[in-house]
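Asks: Quick one: the structure is below, and I'll ask about it shortly.
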Amino acid sequence: DLTMLKRAMSTISNAVVSRPMKVLFCGHEFTNGFVFSKEAMLRFDNVRTVQCSRDDLHKEIVDADVVLPLMCSIGTKELALAKKLSMVMQFGVGLEGVDIPNATQAGVWVCKIPSEGTGNAQSCAEHAIFLALSLLRNVSGMKKSLESGGLGNPMGRTLYKSTAIVYGYGGIGKQLVSRLLAFEMNVIVVTRSGLSPDSNEGTKNERETGFVRFIAATEMSFYEGVKLADTFFVCCSQNAENMGFVNKNFIAQLKPGVLIVNVARGGMVNYDDVYDGLLSGAVGGLGTDVFSPEPFPLDAPILSHQNVIATPHIAGVTEVSYRNMAQKVAENVERIMLGEAPVDAVNDVAAFRR
């Protein structure tokens, strides 16, 4: 009967779940991701959640069932060493450090945690606005004014009635646009097609909806649009096509004195060229949560420029987002234990499973 079937299924599930598993966090950065994930997996009796340094990755990955790379790469060598590996899961969205084709051939799932639905996108959007406001209201000037006993200085600027370019309209971009509109800004969104992903319209490369104008990254309207930007927000995925696209040639297309805010990935910005732009006045300020490489050299001149606000890759590091993301990790680990396909996988390993 149904009761006996449920008991049988429960017995099978418990037997599968009882298989000892090692979940490895590689790297000691983003500590709370490890702490919260370990807490979320305490309900599993036979899951051992450990953290190792990048230097110990090759030793620790040998017997790992699940790997979460924190600021390290999982490539051909790592996959060859990881004989027990079933899943590589990024504690976030970016998978540029994972060799997905080789992982697929090795029968290893590769998963990410979408920024939407966890609070991560909202956290990053809030941080982007924090960086922009810190530049506009001249936080470094405020400090100097306070230290000298000044009042009524420095003069600030507003988001109100200014124009923002939002480069990318994924989870973070959508959340950012809705918040910028609350500041009564003019918002131009750059997507690959020039259409909102939510649009049911055809293939035209430019359209307006409400106070938001969508333009395509490859169309002439893009180069016309960027000239209007008072603040240029980078919040798209990094790929081979957009590496280093914010360079001296691109900056020359922008309005003089533009503010550049990056809460995506550091590889899309040429920081030497941005520094030159800061010195010449072509760039009015840089607010960045990411660099390339990371950690960024502490003696880099750009970090000490008065019109730079830099934060240590913490845009998405909030308690609400990290606890929700930790639950996503635990859910996928449980799926692996049960022999099920994980959610939010970017590959299909059905034909390659060991």
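Just so we're on the same page: first chain in the structure tokens is A, next is B, and so on; residues restart at 1 for each chain, and ligands are numbered from 1 in the order they show up.
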May I have the residues within 7 Å of Asp289 (chain A) as a short mmCIF file (atom, residue, chain, number, x, y, z; two decimals) with all heavy atoms, in the first residue's frame, using only C-alpha atoms and disregarding those fewer than 5 positions away in the same chain?

Replies:
```
data_model
loop_
_atom_site.label_atom_id
_atom_site.label_comp_id
_atom_site.auth_asym_id
_atom_site.auth_seq_id
_atom_site.Cartn_x
_atom_site.Cartn_y
_atom_site.Cartn_z
N ASN A 262 31.33 50.00 -10.61
CA ASN A 262 31.45 48.60 -11.02
C ASN A 262 31.14 47.68 -9.84
O ASN A 262 31.88 47.65 -8.86
CB ASN A 262 32.86 48.32 -11.55
CG ASN A 262 32.99 46.92 -12.15
OD1 ASN A 262 32.01 46.18 -12.24
ND2 ASN A 262 34.19 46.55 -12.54
N VAL A 263 30.04 46.93 -9.96
CA VAL A 263 29.71 45.92 -8.95
C VAL A 263 29.61 44.54 -9.60
O VAL A 263 28.96 43.65 -9.08
CB VAL A 263 28.39 46.26 -8.22
CG1 VAL A 263 28.55 47.48 -7.34
CG2 VAL A 263 27.23 46.43 -9.21
N ALA A 310 36.55 52.57 -3.00
CA ALA A 310 36.77 51.15 -3.27
C ALA A 310 36.33 50.33 -2.07
O ALA A 310 36.57 50.70 -0.92
CB ALA A 310 38.24 50.89 -3.58
N THR A 311 35.67 49.22 -2.34
CA THR A 311 35.25 48.29 -1.29
C THR A 311 35.72 46.89 -1.65
O THR A 311 35.92 46.57 -2.82
CB THR A 311 33.71 48.33 -1.11
OG1 THR A 311 33.07 48.08 -2.38
CG2 THR A 311 33.26 49.67 -0.57
N PRO A 312 35.91 46.02 -0.65
CA PRO A 312 36.56 44.72 -0.86
C PRO A 312 35.64 43.58 -1.30
O PRO A 312 35.53 42.57 -0.63
CB PRO A 312 37.18 44.44 0.51
CG PRO A 312 36.23 45.07 1.48
CD PRO A 312 35.72 46.30 0.80
N HIS A 313 34.99 43.76 -2.45
CA HIS A 313 34.14 42.72 -3.03
C HIS A 313 33.07 42.27 -2.03
O HIS A 313 32.91 41.07 -1.77
CB HIS A 313 34.99 41.52 -3.47
CG HIS A 313 34.34 40.72 -4.57
ND1 HIS A 313 35.04 40.18 -5.63
CD2 HIS A 313 33.05 40.36 -4.78
CE1 HIS A 313 34.22 39.51 -6.43
NE2 HIS A 313 33.01 39.62 -5.93
N ILE A 314 32.33 43.23 -1.52
CA ILE A 314 31.32 42.91 -0.51
C ILE A 314 29.92 43.38 -0.91
O ILE A 314 29.02 43.40 -0.06
CB ILE A 314 31.71 43.51 0.87
CG1 ILE A 314 32.19 44.97 0.77
CG2 ILE A 314 32.77 42.68 1.52
CD1 ILE A 314 31.11 45.97 0.73
N ALA A 315 29.71 43.70 -2.17
CA ALA A 315 28.40 44.19 -2.61
C ALA A 315 27.29 43.20 -2.27
O ALA A 315 26.20 43.58 -1.83
CB ALA A 315 28.41 44.48 -4.10
#
```

Asks: For Gln122 (chain A), work out the shell of residues within 12 Å, counting only C-alpha atoms and skipping chain neighbours fewer than 2 positions away, then give it as a PyMOL selection string.

Replies: chain A and resi 114-120+124-129+170-179+263+315-318+320-321

Asks: May I ask which of the residues A:Val187, A:Val66, A:Val290, A:Ala164 is the closest one to Leu254 (chain A), counting only C-alpha atoms?

Replies: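 Between A:Val187, A:Val66, A:Val290, A:Ala164, the residue approaching Leu254 (chain A) most closely is A:Ala164.
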
Asks: Work out how far CA of Ser123 (chain A) is from CA of Leu303 (chain A), in Å to one decimal.

Replies: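 Distance reported for this atom pair: 23.3 Å.
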
Asks: Find the distance between CA of Glu241 (chain A) and CA of Ile188 (chain A) and write it in Å to one decimal.

Replies: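 If I compute the distance from CA of Glu241 (chain A) to CA of Ile188 (chain A), I get 21.0 Å.
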
Asks: Compare A:Met185, A:Asn46, A:Leu133, A:Asp63 by their minimum atom-to-atom distance to Leu286 (chain A), counting only C-alpha atoms, and give me the closest one.

Replies: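 Between A:Met185, A:Asn46, A:Leu133, A:Asp63, the residue approaching Leu286 (chain A) most closely is A:Leu133.
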
Asks: When distances are computed from only C-alpha atoms, which of A:Met89, A:Glu96, A:Gly27, A:Ala103 shows the smallest separation from Thr76 (chain A)?

Replies: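 When distances to Thr76 (chain A) are compared using only C-alpha atoms, the smallest one comes from A:Ala103.
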
Asks: Which residues come within 12 Å of region 324-332 of chain A, counting only C-alpha atoms, excluding same-chain residues fewer than 4 positions away, as a ChimeraX atom specification?

Replies: /A:23-25,31-44,47-49,65-68,86-93,109-121,316-320,336-345

Asks: Write out as a list in words each polymer residue whose atoms come within 8 Å of Thr104 (chain A), counting only C-alpha atoms; drop sequence neighbours fewer than 3 positions from it.

Replies: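 Final neighbour list, sorted by chain and number: Ile100, Pro101, Gly107, Val108, Trp109, Val110, Asn347, Asp348, Val349 and Phe352 of chain A.
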
Asks: Take the selection from the previous step and output its residues with all heavy atoms, as a PDB file, in the first residue's frame.

Replies:
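File written: out.pdb
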```pdb
ATOM      1  N   ILE A 100      34.221  24.615 -17.632  1.00  0.00           N
ATOM      2  CA  ILE A 100      32.938  23.930 -17.753  1.00  0.00           C
ATOM      3  C   ILE A 100      32.988  22.779 -18.772  1.00  0.00           C
ATOM      4  O   ILE A 100      32.479  21.679 -18.485  1.00  0.00           O
ATOM      5  CB  ILE A 100      31.823  24.936 -18.086  1.00  0.00           C
ATOM      6  CG1 ILE A 100      31.686  25.948 -16.942  1.00  0.00           C
ATOM      7  CG2 ILE A 100      30.482  24.219 -18.309  1.00  0.00           C
ATOM      8  CD1 ILE A 100      30.721  27.084 -17.220  1.00  0.00           C
ATOM      9  N   PRO A 101      33.587  22.951 -19.963  1.00  0.00           N
ATOM     10  CA  PRO A 101      33.624  21.822 -20.900  1.00  0.00           C
ATOM     11  C   PRO A 101      34.322  20.590 -20.341  1.00  0.00           C
ATOM     12  O   PRO A 101      33.821  19.461 -20.482  1.00  0.00           O
ATOM     13  CB  PRO A 101      34.394  22.404 -22.106  1.00  0.00           C
ATOM     14  CG  PRO A 101      34.141  23.870 -22.031  1.00  0.00           C
ATOM     15  CD  PRO A 101      34.123  24.192 -20.570  1.00  0.00           C
ATOM     16  N   GLY A 107      31.979  14.361 -16.127  1.00  0.00           N
ATOM     17  CA  GLY A 107      30.752  13.982 -15.448  1.00  0.00           C
ATOM     18  C   GLY A 107      30.472  14.790 -14.196  1.00  0.00           C
ATOM     19  O   GLY A 107      29.767  14.337 -13.294  1.00  0.00           O
ATOM     20  N   VAL A 108      31.011  15.993 -14.138  1.00  0.00           N
ATOM     21  CA  VAL A 108      30.876  16.845 -12.956  1.00  0.00           C
ATOM     22  C   VAL A 108      29.884  17.975 -13.239  1.00  0.00           C
ATOM     23  O   VAL A 108      30.057  18.726 -14.209  1.00  0.00           O
ATOM     24  CB  VAL A 108      32.245  17.438 -12.549  1.00  0.00           C
ATOM     25  CG1 VAL A 108      32.083  18.414 -11.378  1.00  0.00           C
ATOM     26  CG2 VAL A 108      33.225  16.328 -12.190  1.00  0.00           C
ATOM     27  N   TRP A 109      28.881  18.079 -12.404  1.00  0.00           N
ATOM     28  CA  TRP A 109      27.935  19.181 -12.528  1.00  0.00           C
ATOM     29  C   TRP A 109      28.617  20.500 -12.188  1.00  0.00           C
ATOM     30  O   TRP A 109      29.451  20.560 -11.284  1.00  0.00           O
ATOM     31  CB  TRP A 109      26.757  19.001 -11.573  1.00  0.00           C
ATOM     32  CG  TRP A 109      25.866  17.835 -11.858  1.00  0.00           C
ATOM     33  CD1 TRP A 109      25.852  16.633 -11.215  1.00  0.00           C
ATOM     34  CD2 TRP A 109      24.842  17.758 -12.858  1.00  0.00           C
ATOM     35  NE1 TRP A 109      24.890  15.805 -11.753  1.00  0.00           N
ATOM     36  CE2 TRP A 109      24.255  16.475 -12.759  1.00  0.00           C
ATOM     37  CE3 TRP A 109      24.360  18.646 -13.825  1.00  0.00           C
ATOM     38  CZ2 TRP A 109      23.206  16.058 -13.587  1.00  0.00           C
ATOM     39  CZ3 TRP A 109      23.327  18.245 -14.651  1.00  0.00           C
ATOM     40  CH2 TRP A 109      22.764  16.967 -14.532  1.00  0.00           C
ATOM     41  N   VAL A 110      28.250  21.551 -12.902  1.00  0.00           N
ATOM     42  CA  VAL A 110      28.720  22.901 -12.584  1.00  0.00           C
ATOM     43  C   VAL A 110      27.482  23.763 -12.350  1.00  0.00           C
ATOM     44  O   VAL A 110      26.617  23.866 -13.223  1.00  0.00           O
ATOM     45  CB  VAL A 110      29.580  23.492 -13.717  1.00  0.00           C
ATOM     46  CG1 VAL A 110      30.005  24.920 -13.358  1.00  0.00           C
ATOM     47  CG2 VAL A 110      30.807  22.619 -13.978  1.00  0.00           C
ATOM     48  N   ASN A 347      25.451  23.006 -17.053  1.00  0.00           N
ATOM     49  CA  ASN A 347      25.849  21.943 -17.993  1.00  0.00           C
ATOM     50  C   ASN A 347      24.975  20.726 -17.796  1.00  0.00           C
ATOM     51  O   ASN A 347      24.196  20.630 -16.840  1.00  0.00           O
ATOM     52  CB  ASN A 347      27.331  21.582 -17.811  1.00  0.00           C
ATOM     53  CG  ASN A 347      27.633  21.007 -16.434  1.00  0.00           C
ATOM     54  OD1 ASN A 347      26.847  21.156 -15.494  1.00  0.00           O
ATOM     55  ND2 ASN A 347      28.772  20.358 -16.301  1.00  0.00           N
ATOM     56  N   ASP A 348      25.076  19.787 -18.730  1.00  0.00           N
ATOM     57  CA  ASP A 348      24.325  18.540 -18.671  1.00  0.00           C
ATOM     58  C   ASP A 348      25.318  17.389 -18.761  1.00  0.00           C
ATOM     59  O   ASP A 348      25.999  17.230 -19.783  1.00  0.00           O
ATOM     60  CB  ASP A 348      23.327  18.478 -19.832  1.00  0.00           C
ATOM     61  CG  ASP A 348      22.426  17.243 -19.756  1.00  0.00           C
ATOM     62  OD1 ASP A 348      22.640  16.406 -18.851  1.00  0.00           O
ATOM     63  OD2 ASP A 348      21.527  17.104 -20.602  1.00  0.00           O
ATOM     64  N   VAL A 349      25.434  16.658 -17.701  1.00  0.00           N
ATOM     65  CA  VAL A 349      26.463  15.612 -17.646  1.00  0.00           C
ATOM     66  C   VAL A 349      25.884  14.213 -17.839  1.00  0.00           C
ATOM     67  O   VAL A 349      26.579  13.225 -17.616  1.00  0.00           O
ATOM     68  CB  VAL A 349      27.221  15.671 -16.309  1.00  0.00           C
ATOM     69  CG1 VAL A 349      27.850  17.049 -16.126  1.00  0.00           C
ATOM     70  CG2 VAL A 349      26.316  15.330 -15.138  1.00  0.00           C
ATOM     71  N   PHE A 352      27.945  11.756 -19.601  1.00  0.00           N
ATOM     72  CA  PHE A 352      29.334  11.621 -19.160  1.00  0.00           C
ATOM     73  C   PHE A 352      29.477  11.116 -17.729  1.00  0.00           C
ATOM     74  O   PHE A 352      30.579  11.059 -17.208  1.00  0.00           O
ATOM     75  CB  PHE A 352      30.045  12.982 -19.256  1.00  0.00           C
ATOM     76  CG  PHE A 352      30.055  13.551 -20.637  1.00  0.00           C
ATOM     77  CD1 PHE A 352      29.109  14.494 -21.028  1.00  0.00           C
ATOM     78  CD2 PHE A 352      31.018  13.160 -21.554  1.00  0.00           C
ATOM     79  CE1 PHE A 352      29.124  15.031 -22.298  1.00  0.00           C
ATOM     80  CE2 PHE A 352      31.034  13.696 -22.832  1.00  0.00           C
ATOM     81  CZ  PHE A 352      30.081  14.634 -23.209  1.00  0.00           C
TER      82      PHE A 352
END
```

Asks: List the neighbours of Gly281 (chain A) out to 9 Å using only C-alpha atoms; skip same-chain residues closer than 6 positions along the sequence, and give me the result as a PDB file with N, CA, C and O atoms, in the first residue's frame.

Replies:
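The result, stored in selection-v5.pdb:
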```pdb
ATOM      1  N   PRO A 256      32.544  63.999 -20.281  1.00  0.00           N
ATOM      2  CA  PRO A 256      33.650  64.366 -19.387  1.00  0.00           C
ATOM      3  C   PRO A 256      33.176  64.464 -17.934  1.00  0.00           C
ATOM      4  O   PRO A 256      32.139  65.053 -17.651  1.00  0.00           O
ATOM      5  N   GLY A 257      33.934  63.863 -17.042  1.00  0.00           N
ATOM      6  CA  GLY A 257      33.574  63.897 -15.635  1.00  0.00           C
ATOM      7  C   GLY A 257      32.606  62.811 -15.210  1.00  0.00           C
ATOM      8  O   GLY A 257      32.081  62.833 -14.085  1.00  0.00           O
ATOM      9  N   VAL A 258      32.364  61.817 -16.069  1.00  0.00           N
ATOM     10  CA  VAL A 258      31.430  60.734 -15.761  1.00  0.00           C
ATOM     11  C   VAL A 258      31.895  59.956 -14.532  1.00  0.00           C
ATOM     12  O   VAL A 258      33.088  59.813 -14.268  1.00  0.00           O
TER      13      VAL A 258
END
```

Asks: Going by DSSP on the backbone, which bits of region 12-216 of chain A are strand (DSSP E)? Write them as an NGL selection string, please.

Replies: :A and (21-26 or 47-52 or 66-69 or 87-89 or 109-111 or 163-167 or 186-191 or 206-209 or 212-216)

Asks: Please save C-alpha atoms of the selected residues as a PDB file, in the first residue's frame.

Replies:
```pdb
ATOM      1  CA  MET A  21      30.460  13.242   1.668  1.00  0.00           C
ATOM      2  CA  LYS A  22      33.089  15.962   1.746  1.00  0.00           C
ATOM      3  CA  VAL A  23      32.071  19.480   0.806  1.00  0.00           C
ATOM      4  CA  LEU A  24      35.143  21.622   0.211  1.00  0.00           C
ATOM      5  CA  PHE A  25      35.307  25.413   0.240  1.00  0.00           C
ATOM      6  CA  CYS A  26      38.537  26.440  -1.500  1.00  0.00           C
ATOM      7  CA  VAL A  47      28.430  15.559   5.399  1.00  0.00           C
ATOM      8  CA  ARG A  48      31.802  16.992   6.334  1.00  0.00           C
ATOM      9  CA  THR A  49      32.101  20.666   5.375  1.00  0.00           C
ATOM     10  CA  VAL A  50      35.697  21.892   5.331  1.00  0.00           C
ATOM     11  CA  GLN A  51      37.641  24.927   4.167  1.00  0.00           C
ATOM     12  CA  CYS A  52      41.168  24.978   2.795  1.00  0.00           C
ATOM     13  CA  VAL A  66      31.480  18.882  -3.846  1.00  0.00           C
ATOM     14  CA  VAL A  67      33.746  21.889  -4.351  1.00  0.00           C
ATOM     15  CA  LEU A  68      32.933  25.563  -3.915  1.00  0.00           C
ATOM     16  CA  PRO A  69      35.818  27.631  -5.312  1.00  0.00           C
ATOM     17  CA  MET A  87      29.636  18.979  -8.404  1.00  0.00           C
ATOM     18  CA  VAL A  88      31.398  22.320  -8.591  1.00  0.00           C
ATOM     19  CA  MET A  89      29.154  25.016  -7.204  1.00  0.00           C
ATOM     20  CA  TRP A 109      27.935  19.181 -12.528  1.00  0.00           C
ATOM     21  CA  VAL A 110      28.720  22.901 -12.584  1.00  0.00           C
ATOM     22  CA  CYS A 111      26.221  25.102 -10.774  1.00  0.00           C
ATOM     23  CA  THR A 163      21.198  60.197 -16.339  1.00  0.00           C
ATOM     24  CA  ALA A 164      22.396  56.682 -15.579  1.00  0.00           C
ATOM     25  CA  ILE A 165      23.601  54.035 -17.983  1.00  0.00           C
ATOM     26  CA  VAL A 166      23.048  50.533 -16.616  1.00  0.00           C
ATOM     27  CA  TYR A 167      25.238  48.107 -18.562  1.00  0.00           C
ATOM     28  CA  ASN A 186      16.726  59.124 -16.485  1.00  0.00           C
ATOM     29  CA  VAL A 187      17.829  55.522 -17.006  1.00  0.00           C
ATOM     30  CA  ILE A 188      19.305  53.969 -20.142  1.00  0.00           C
ATOM     31  CA  VAL A 189      19.755  50.194 -20.051  1.00  0.00           C
ATOM     32  CA  VAL A 190      22.231  48.446 -22.330  1.00  0.00           C
ATOM     33  CA  THR A 191      21.414  44.863 -23.327  1.00  0.00           C
ATOM     34  CA  GLU A 206      15.820  50.299 -29.241  1.00  0.00           C
ATOM     35  CA  ARG A 207      12.692  50.960 -27.272  1.00  0.00           C
ATOM     36  CA  GLU A 208      11.389  53.002 -24.375  1.00  0.00           C
ATOM     37  CA  THR A 209       9.251  51.840 -21.501  1.00  0.00           C
ATOM     38  CA  VAL A 212      13.676  53.541 -19.084  1.00  0.00           C
ATOM     39  CA  ARG A 213      15.233  53.423 -22.527  1.00  0.00           C
ATOM     40  CA  PHE A 214      16.762  50.180 -23.788  1.00  0.00           C
ATOM     41  CA  ILE A 215      19.598  50.207 -26.308  1.00  0.00           C
ATOM     42  CA  ALA A 216      21.764  47.487 -27.843  1.00  0.00           C
TER      43      ALA A 216
END
```

Asks: Tell me, in Å to one decimal, how far CA of Ser140 (chain A) is from CA of Gln306 (chain A).

Replies: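 According to the coordinates, CA of Ser140 (chain A) and CA of Gln306 (chain A) are separated by 6.4 Å.
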
Asks: Quick one: residues within 7 Å of Gly267 (chain A), only C-alpha atoms, excluding same-chain residues fewer than 4 positions away - as a list in words?

Replies: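 Returned residues: Met243, Gly244, Phe291 and Ser292 of chain A.
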